[in-house]
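Source file coords_25.cif; content: mmCIF, C-alpha atoms and all ligand atoms.
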data_model
loop_
_atom_site.label_atom_id
_atom_site.label_comp_id
_atom_site.auth_asym_id
_atom_site.auth_seq_id
_atom_site.Cartn_x
_atom_site.Cartn_y
_atom_site.Cartn_z
CA MET A 1 0.00 0.00 0.00
CA TYR A 2 1.17 3.51 -0.79
CA LEU A 3 -0.37 6.22 1.39
CA MET A 4 0.35 9.93 1.16
CA LEU A 5 -0.02 12.49 3.92
CA LEU A 6 -0.65 15.96 2.57
CA GLY A 7 -0.89 19.20 4.53
CA ALA A 8 0.97 22.30 5.62
CA PRO A 9 4.02 22.07 7.88
CA GLY A 10 2.95 21.52 11.49
CA VAL A 11 -0.36 19.77 10.84
CA GLY A 12 0.99 16.53 12.31
CA LYS A 13 2.00 14.51 9.22
CA GLY A 14 5.18 13.22 10.87
CA THR A 15 3.39 12.32 14.11
CA GLN A 16 0.73 10.35 12.21
CA ALA A 17 3.31 8.66 10.00
CA LYS A 18 5.18 7.41 13.06
CA VAL A 19 2.03 5.87 14.58
CA LEU A 20 1.11 4.29 11.23
CA GLU A 21 4.60 2.79 11.04
CA GLU A 22 4.23 1.28 14.45
CA LYS A 23 0.67 -0.03 14.15
CA PHE A 24 0.59 -1.19 10.55
CA ASN A 25 4.16 -2.14 9.86
CA MET A 26 4.43 0.58 7.24
CA THR A 27 7.52 2.65 6.46
CA GLN A 28 7.59 6.42 6.69
CA VAL A 29 9.30 8.17 3.81
CA SER A 30 9.88 11.69 5.09
CA THR A 31 11.76 13.78 2.56
CA GLY A 32 12.42 16.35 5.31
CA ASP A 33 14.07 13.65 7.47
CA ILE A 34 16.09 12.41 4.49
CA LEU A 35 17.38 15.94 3.82
CA ARG A 36 18.15 16.57 7.51
CA ALA A 37 20.14 13.31 7.62
CA GLU A 38 22.16 14.48 4.60
CA ILE A 39 22.81 17.81 6.34
CA ALA A 40 23.96 16.01 9.49
CA LYS A 41 26.34 13.84 7.41
CA GLY A 42 27.69 16.94 5.66
CA THR A 43 27.19 15.52 2.15
CA GLU A 44 27.06 17.67 -0.99
CA LEU A 45 23.31 17.17 -1.12
CA GLY A 46 23.06 18.21 2.53
CA LYS A 47 25.08 21.37 1.92
CA LEU A 48 22.87 22.30 -0.99
CA ALA A 49 19.62 21.55 0.86
CA LYS A 50 20.60 23.41 4.04
CA SER A 51 20.33 26.90 2.59
CA PHE A 52 16.91 26.23 1.09
CA ILE A 53 15.55 24.58 4.23
CA GLU A 54 16.76 27.17 6.70
CA ALA A 55 15.28 29.99 4.61
CA GLY A 56 11.96 28.14 4.58
CA ASN A 57 12.16 27.49 0.83
CA LEU A 58 11.53 24.33 -1.08
CA VAL A 59 14.46 22.27 -2.32
CA PRO A 60 14.42 22.15 -6.18
CA ASP A 61 12.09 19.62 -7.78
CA ASN A 62 14.73 17.66 -9.70
CA ILE A 63 16.61 16.91 -6.47
CA MET A 64 13.47 15.81 -4.66
CA ILE A 65 12.31 13.62 -7.54
CA GLY A 66 15.73 11.92 -7.56
CA ILE A 67 15.49 11.29 -3.82
CA ILE A 68 12.02 9.77 -3.91
CA GLY A 69 12.92 7.54 -6.86
CA LYS A 70 15.36 5.66 -4.62
CA GLU A 71 12.70 4.93 -1.99
CA LEU A 72 10.10 3.19 -4.12
CA ASP A 73 9.95 -0.55 -3.57
CA ASP A 74 7.61 -3.26 -2.34
CA ARG A 75 7.30 -2.01 1.23
CA ASP A 76 4.07 -0.36 2.40
CA LEU A 77 5.07 3.29 2.30
CA ILE A 78 3.75 6.49 3.88
CA PHE A 79 4.84 9.57 1.96
CA ASP A 80 5.30 12.43 4.39
CA GLY A 81 6.34 15.74 2.85
CA PHE A 82 6.46 14.59 -0.76
CA PRO A 83 5.22 15.81 -3.20
CA ARG A 84 5.19 19.52 -2.45
CA THR A 85 4.69 20.88 -5.97
CA LEU A 86 2.65 19.89 -9.00
CA ALA A 87 5.84 19.11 -10.92
CA GLN A 88 6.81 16.62 -8.19
CA ALA A 89 3.33 15.08 -8.19
CA GLU A 90 3.39 14.63 -11.95
CA ALA A 91 6.87 13.13 -11.98
CA PHE A 92 5.84 10.84 -9.11
CA GLU A 93 2.86 9.61 -11.08
CA MET A 94 5.06 8.71 -14.02
CA MET A 95 7.51 6.87 -11.77
CA LEU A 96 4.70 4.85 -10.21
CA GLU A 97 3.33 3.97 -13.61
CA LYS A 98 6.72 2.70 -14.77
CA LEU A 99 7.00 0.54 -11.64
CA ASN A 100 3.44 -0.69 -12.04
CA LYS A 101 2.51 0.76 -8.67
CA LYS A 102 -0.27 3.01 -7.54
CA LEU A 103 -0.97 5.52 -4.85
CA ASP A 104 -3.82 4.01 -2.83
CA PHE A 105 -4.97 7.16 -1.13
CA VAL A 106 -4.05 10.63 -0.03
CA ILE A 107 -4.98 12.01 3.37
CA ASN A 108 -5.11 15.78 3.49
CA ILE A 109 -4.79 17.10 7.05
CA SER A 110 -6.19 20.62 7.20
CA LEU A 111 -5.45 23.21 9.85
CA ASP A 112 -5.76 26.96 10.23
CA ASP A 113 -2.54 28.97 9.71
CA LYS A 114 -2.79 30.60 13.13
CA ILE A 115 -2.83 27.23 14.87
CA ILE A 116 0.05 26.04 12.69
CA VAL A 117 2.21 29.00 13.73
CA GLY A 118 1.55 28.20 17.40
CA ARG A 119 2.38 24.55 16.90
CA LEU A 120 5.59 25.12 14.94
CA SER A 121 7.00 27.85 17.13
CA GLY A 122 6.88 25.69 20.28
CA ARG A 123 7.90 22.46 18.62
CA MET A 124 10.91 20.52 19.94
CA ILE A 125 12.27 17.47 18.14
CA CYS A 126 14.33 14.57 19.45
CA ARG A 127 17.73 14.55 17.79
CA ASN A 128 17.87 10.79 18.16
CA CYS A 129 14.44 9.36 17.21
CA GLY A 130 12.65 12.33 15.64
CA GLN A 131 9.71 12.30 18.07
CA SER A 132 8.19 15.74 18.41
CA PHE A 133 7.13 17.55 21.57
CA HIS A 134 5.72 20.99 22.26
CA LEU A 135 6.78 23.48 24.92
CA GLN A 136 3.11 24.13 25.80
CA PHE A 137 0.89 21.40 24.37
CA ALA A 138 2.99 18.24 24.59
CA LYS A 139 5.71 18.84 27.14
CA PRO A 140 8.35 16.17 27.61
CA LYS A 141 8.43 14.60 31.09
CA VAL A 142 11.97 15.88 31.59
CA ASP A 143 12.76 19.30 30.12
CA GLY A 144 14.97 19.05 27.05
CA PHE A 145 14.91 15.24 26.75
CA CYS A 146 12.82 12.75 24.80
CA ASP A 147 10.27 10.63 26.70
CA LEU A 148 10.87 7.71 24.38
CA CYS A 149 14.64 7.42 24.08
CA ASN A 150 16.05 10.13 26.36
CA GLY A 151 17.61 11.83 23.31
CA GLU A 152 18.31 15.56 23.34
CA LEU A 153 15.48 17.82 22.15
CA TYR A 154 16.20 20.71 19.78
CA GLN A 155 14.32 23.38 17.85
CA ARG A 156 14.56 22.95 14.08
CA PRO A 157 16.22 26.03 12.56
CA ASP A 158 13.29 26.32 10.15
CA ASP A 159 10.83 26.44 13.06
CA ARG A 160 12.03 29.99 13.83
CA PRO A 161 9.46 32.73 13.07
CA GLU A 162 11.14 34.09 9.88
CA SER A 163 11.21 30.65 8.26
CA ILE A 164 7.72 29.68 9.40
CA THR A 165 6.14 32.56 7.46
CA GLU A 166 8.04 31.61 4.31
CA ARG A 167 7.15 27.93 4.67
CA LEU A 168 3.47 28.78 4.98
CA ASN A 169 3.65 31.06 1.94
CA ASN A 170 5.26 28.26 -0.03
CA TYR A 171 2.64 25.84 1.18
CA HIS A 172 -0.22 28.04 -0.01
CA SER A 173 1.28 28.89 -3.39
CA LYS A 174 2.98 25.61 -4.33
CA THR A 175 1.67 22.68 -2.29
CA LYS A 176 -1.99 23.48 -1.72
CA PRO A 177 -2.87 23.02 -5.43
CA LEU A 178 -2.10 19.32 -4.88
CA ILE A 179 -5.39 19.01 -2.99
CA ASN A 180 -7.23 19.69 -6.20
CA PHE A 181 -4.84 17.46 -8.19
CA TYR A 182 -5.59 14.42 -6.02
CA GLU A 183 -9.25 15.30 -5.53
CA LYS A 184 -9.72 15.01 -9.27
CA LYS A 185 -8.22 11.53 -9.12
CA LYS A 186 -10.75 10.65 -6.41
CA ILE A 187 -8.15 9.34 -3.99
CA LEU A 188 -8.11 12.26 -1.54
CA VAL A 189 -9.83 12.41 1.83
CA SER A 190 -9.58 15.53 4.01
CA ILE A 191 -9.35 15.32 7.77
CA ASP A 192 -9.60 18.15 10.29
CA GLY A 193 -6.21 18.44 11.99
CA ASP A 194 -7.46 20.54 14.88
CA LYS A 195 -7.93 17.58 17.20
CA ASP A 196 -5.92 15.40 19.46
CA SER A 197 -3.44 13.36 17.40
CA SER A 198 -5.09 10.10 18.54
CA GLU A 199 -8.42 11.32 17.10
CA VAL A 200 -6.77 12.22 13.80
CA PHE A 201 -5.18 8.77 13.76
CA LYS A 202 -8.57 7.09 14.25
CA GLU A 203 -9.91 8.97 11.25
CA ILE A 204 -6.98 7.90 9.11
CA VAL A 205 -7.57 4.28 10.11
CA LYS A 206 -11.25 4.64 9.18
CA VAL A 207 -10.24 5.81 5.70
CA MET A 208 -7.76 2.94 5.34
CA LYS A 209 -10.33 0.35 6.41
CA GLY A 210 -12.87 1.78 4.02
CA LYS A 211 -10.46 1.13 1.16
CA GLU A 212 -9.67 -2.47 2.01
P1 LIG A 301 9.57 18.81 6.51
O1 LIG A 301 10.34 18.10 7.54
O2 LIG A 301 8.69 17.91 5.69
O3 LIG A 301 8.80 20.00 7.06
O4 LIG A 301 10.61 19.41 5.47
C1 LIG A 301 11.57 20.36 5.88
C2 LIG A 301 12.08 21.13 4.69
O5 LIG A 301 12.71 20.25 3.76
C3 LIG A 301 11.01 21.84 3.87
O6 LIG A 301 10.63 23.09 4.42
C4 LIG A 301 11.73 21.99 2.53
O7 LIG A 301 12.69 23.01 2.58
C5 LIG A 301 12.48 20.67 2.42
N1 LIG A 301 11.65 19.65 1.76
C6 LIG A 301 11.16 18.49 2.29
N2 LIG A 301 10.44 17.81 1.40
C7 LIG A 301 10.46 18.55 0.25
C8 LIG A 301 9.89 18.40 -1.03
N3 LIG A 301 9.13 17.33 -1.35
N4 LIG A 301 10.12 19.37 -1.94
C9 LIG A 301 10.88 20.44 -1.67
N5 LIG A 301 11.45 20.65 -0.48
C10 LIG A 301 11.25 19.72 0.49
#
Starting from the coordinates I provided, produce the structure as structure tokens.
Ligand code: AMP
Amino acid sequence: MYLMLLGAPGVGKGTQAKVLEEKFNMTQVSTGDILRAEIAKGTELGKLAKSFIEAGNLVPDNIMIGIIGKELDDRDLIFDGFPRTLAQAEAFEMMLEKLNKKLDFVINISLDDKIIVGRLSGRMICRNCGQSFHLQFAKPKVDGFCDLCNGELYQRPDDRPESITERLNNYHSKTKPLINFYEKKKILVSIDGDKDSSEVFKEIVKVMKGKE
């Protein structure tokens, strides 16, 4: 099964992908995580991506299409953060066709910009396992450390206010049109993201069961 999570930054795509991985033995393909790993390793790709990411801009399509091409195989995949432009979505469709695969469904998690800004600006991520916390809404048990693996928590550089505005602008101008793209293909279901993450998860499961 190939499942795609669509939505602005901060709507909870990563959180949902992690629970889906755990409960359904699926594999999260987070292009943001892939890029951050390249940055941490100091590779050429990482160096190139860093400037785009920290400014809140999208990494060029050709790079992203190359990255996703290497991930497609027979595992059950959850696409988190890809595609982010129509060009990526179209290239993705062609790749799937060549591999004789299909995207089973797309979950669009919707959330008001104001709530997104609040979520992103207090977000803290575990450097070790990627779990996210929030300084107000989902505090870790011990300040600065992950509840799951005791890893160190940090604020992503692109979760600073200047980058957040740019990321949201990019979402509205470049990524949001994908809702219409997948709606036309009749594989998109929208879910309200302004709920507890366990409620959002239940809704995703309902959609998945409905498609079985
Ligand atoms: P994320 O962790 O999904 O919020 O991604 C962090 C950053 O990585 C984004 O703000 C972009 O700069 C970059 N990025 C991740 N996925 C993509 C993509 N599919 N296309 C372009 N840039 C991406």
Exercise for the section: Enumerate as a VMD selection string the residues within 10 Å of ligand LIG 301 (chain A), counting all atoms listed in the file. Expected result: chain A and resid 7 to 11 13 to 14 29 to 36 49 to 65 67 to 68 79 to 85 87 to 89 120 156 to 159 163 to 164 166 to 168 170 to 171 174 to 175
Problem - atom CA of A:Leu20 to atom CA of A:Met4, distance in Å rounded to a single decimal - result: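 Atom-to-atom, atom CA of A:Leu20 to atom CA of A:Met4, that is 11.6 Å.
Distances here use only C-alpha atoms; by that measure, the residue among A:Ile115, A:Met95, A:Leu86, A:Ile125 closest to A:Glu71 is A:Met95.
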Exercise for the section: For a cut-off of 7 Å around (-1.2, 14.9, 17.3), file coordinates, pick out all residues using all atoms listed in the file and list them as number ranges by chain. Expected result: A: 12, 15, 196-198
Taking (9.3, 14.7, 27.1) in the file's coordinates, which residues come within 10 Å, counting all atoms listed in the file, written as a short mmCIF file (atom, residue, chain, number, x, y, z; two decimals) with C-alpha atoms, in the coordinates of the input?
data_model
loop_
_atom_site.label_atom_id
_atom_site.label_comp_id
_atom_site.auth_asym_id
_atom_site.auth_seq_id
_atom_site.Cartn_x
_atom_site.Cartn_y
_atom_site.Cartn_z
CA MET A 124 10.91 20.52 19.94
CA ILE A 125 12.27 17.47 18.14
CA CYS A 126 14.33 14.57 19.45
CA GLN A 131 9.71 12.30 18.07
CA SER A 132 8.19 15.74 18.41
CA PHE A 133 7.13 17.55 21.57
CA HIS A 134 5.72 20.99 22.26
CA LEU A 135 6.78 23.48 24.92
CA ALA A 138 2.99 18.24 24.59
CA LYS A 139 5.71 18.84 27.14
CA PRO A 140 8.35 16.17 27.61
CA LYS A 141 8.43 14.60 31.09
CA VAL A 142 11.97 15.88 31.59
CA ASP A 143 12.76 19.30 30.12
CA GLY A 144 14.97 19.05 27.05
CA PHE A 145 14.91 15.24 26.75
CA CYS A 146 12.82 12.75 24.80
CA ASP A 147 10.27 10.63 26.70
CA LEU A 148 10.87 7.71 24.38
CA CYS A 149 14.64 7.42 24.08
CA ASN A 150 16.05 10.13 26.36
CA GLY A 151 17.61 11.83 23.31
CA GLU A 152 18.31 15.56 23.34
CA LEU A 153 15.48 17.82 22.15
#
Exercise for the section: For each of A:Leu48, A:Ile179, A:Met1, A:Val19, take the minimum atom-to-atom distance to A:Leu72, counting only C-alpha atoms, then give the residue where this is smallest. Expected result: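 The shortest atom-to-atom distance to A:Leu72 comes from A:Met1.
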Exercise for the section: Find the residue from A:Asp113, A:Leu6, A:Ala91, A:Lys195 that sits nearest to A:Glu183; use all atoms listed in the file when measuring. Expected result: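 Checking each candidate against A:Glu183, we get A:Leu6 as the closest.
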Calculate, to one decimal in Å, the centre and edge lengths of the box along x, y and z of the file that holds all listed atoms of stretch 68-78 of chain A with 8 Å of margin on each side, and present them as AutoDock Vina command-line options.
--center_x 9.6 --center_y 3.3 --center_z -1.5 --size_x 27.6 --size_y 29.0 --size_z 26.7
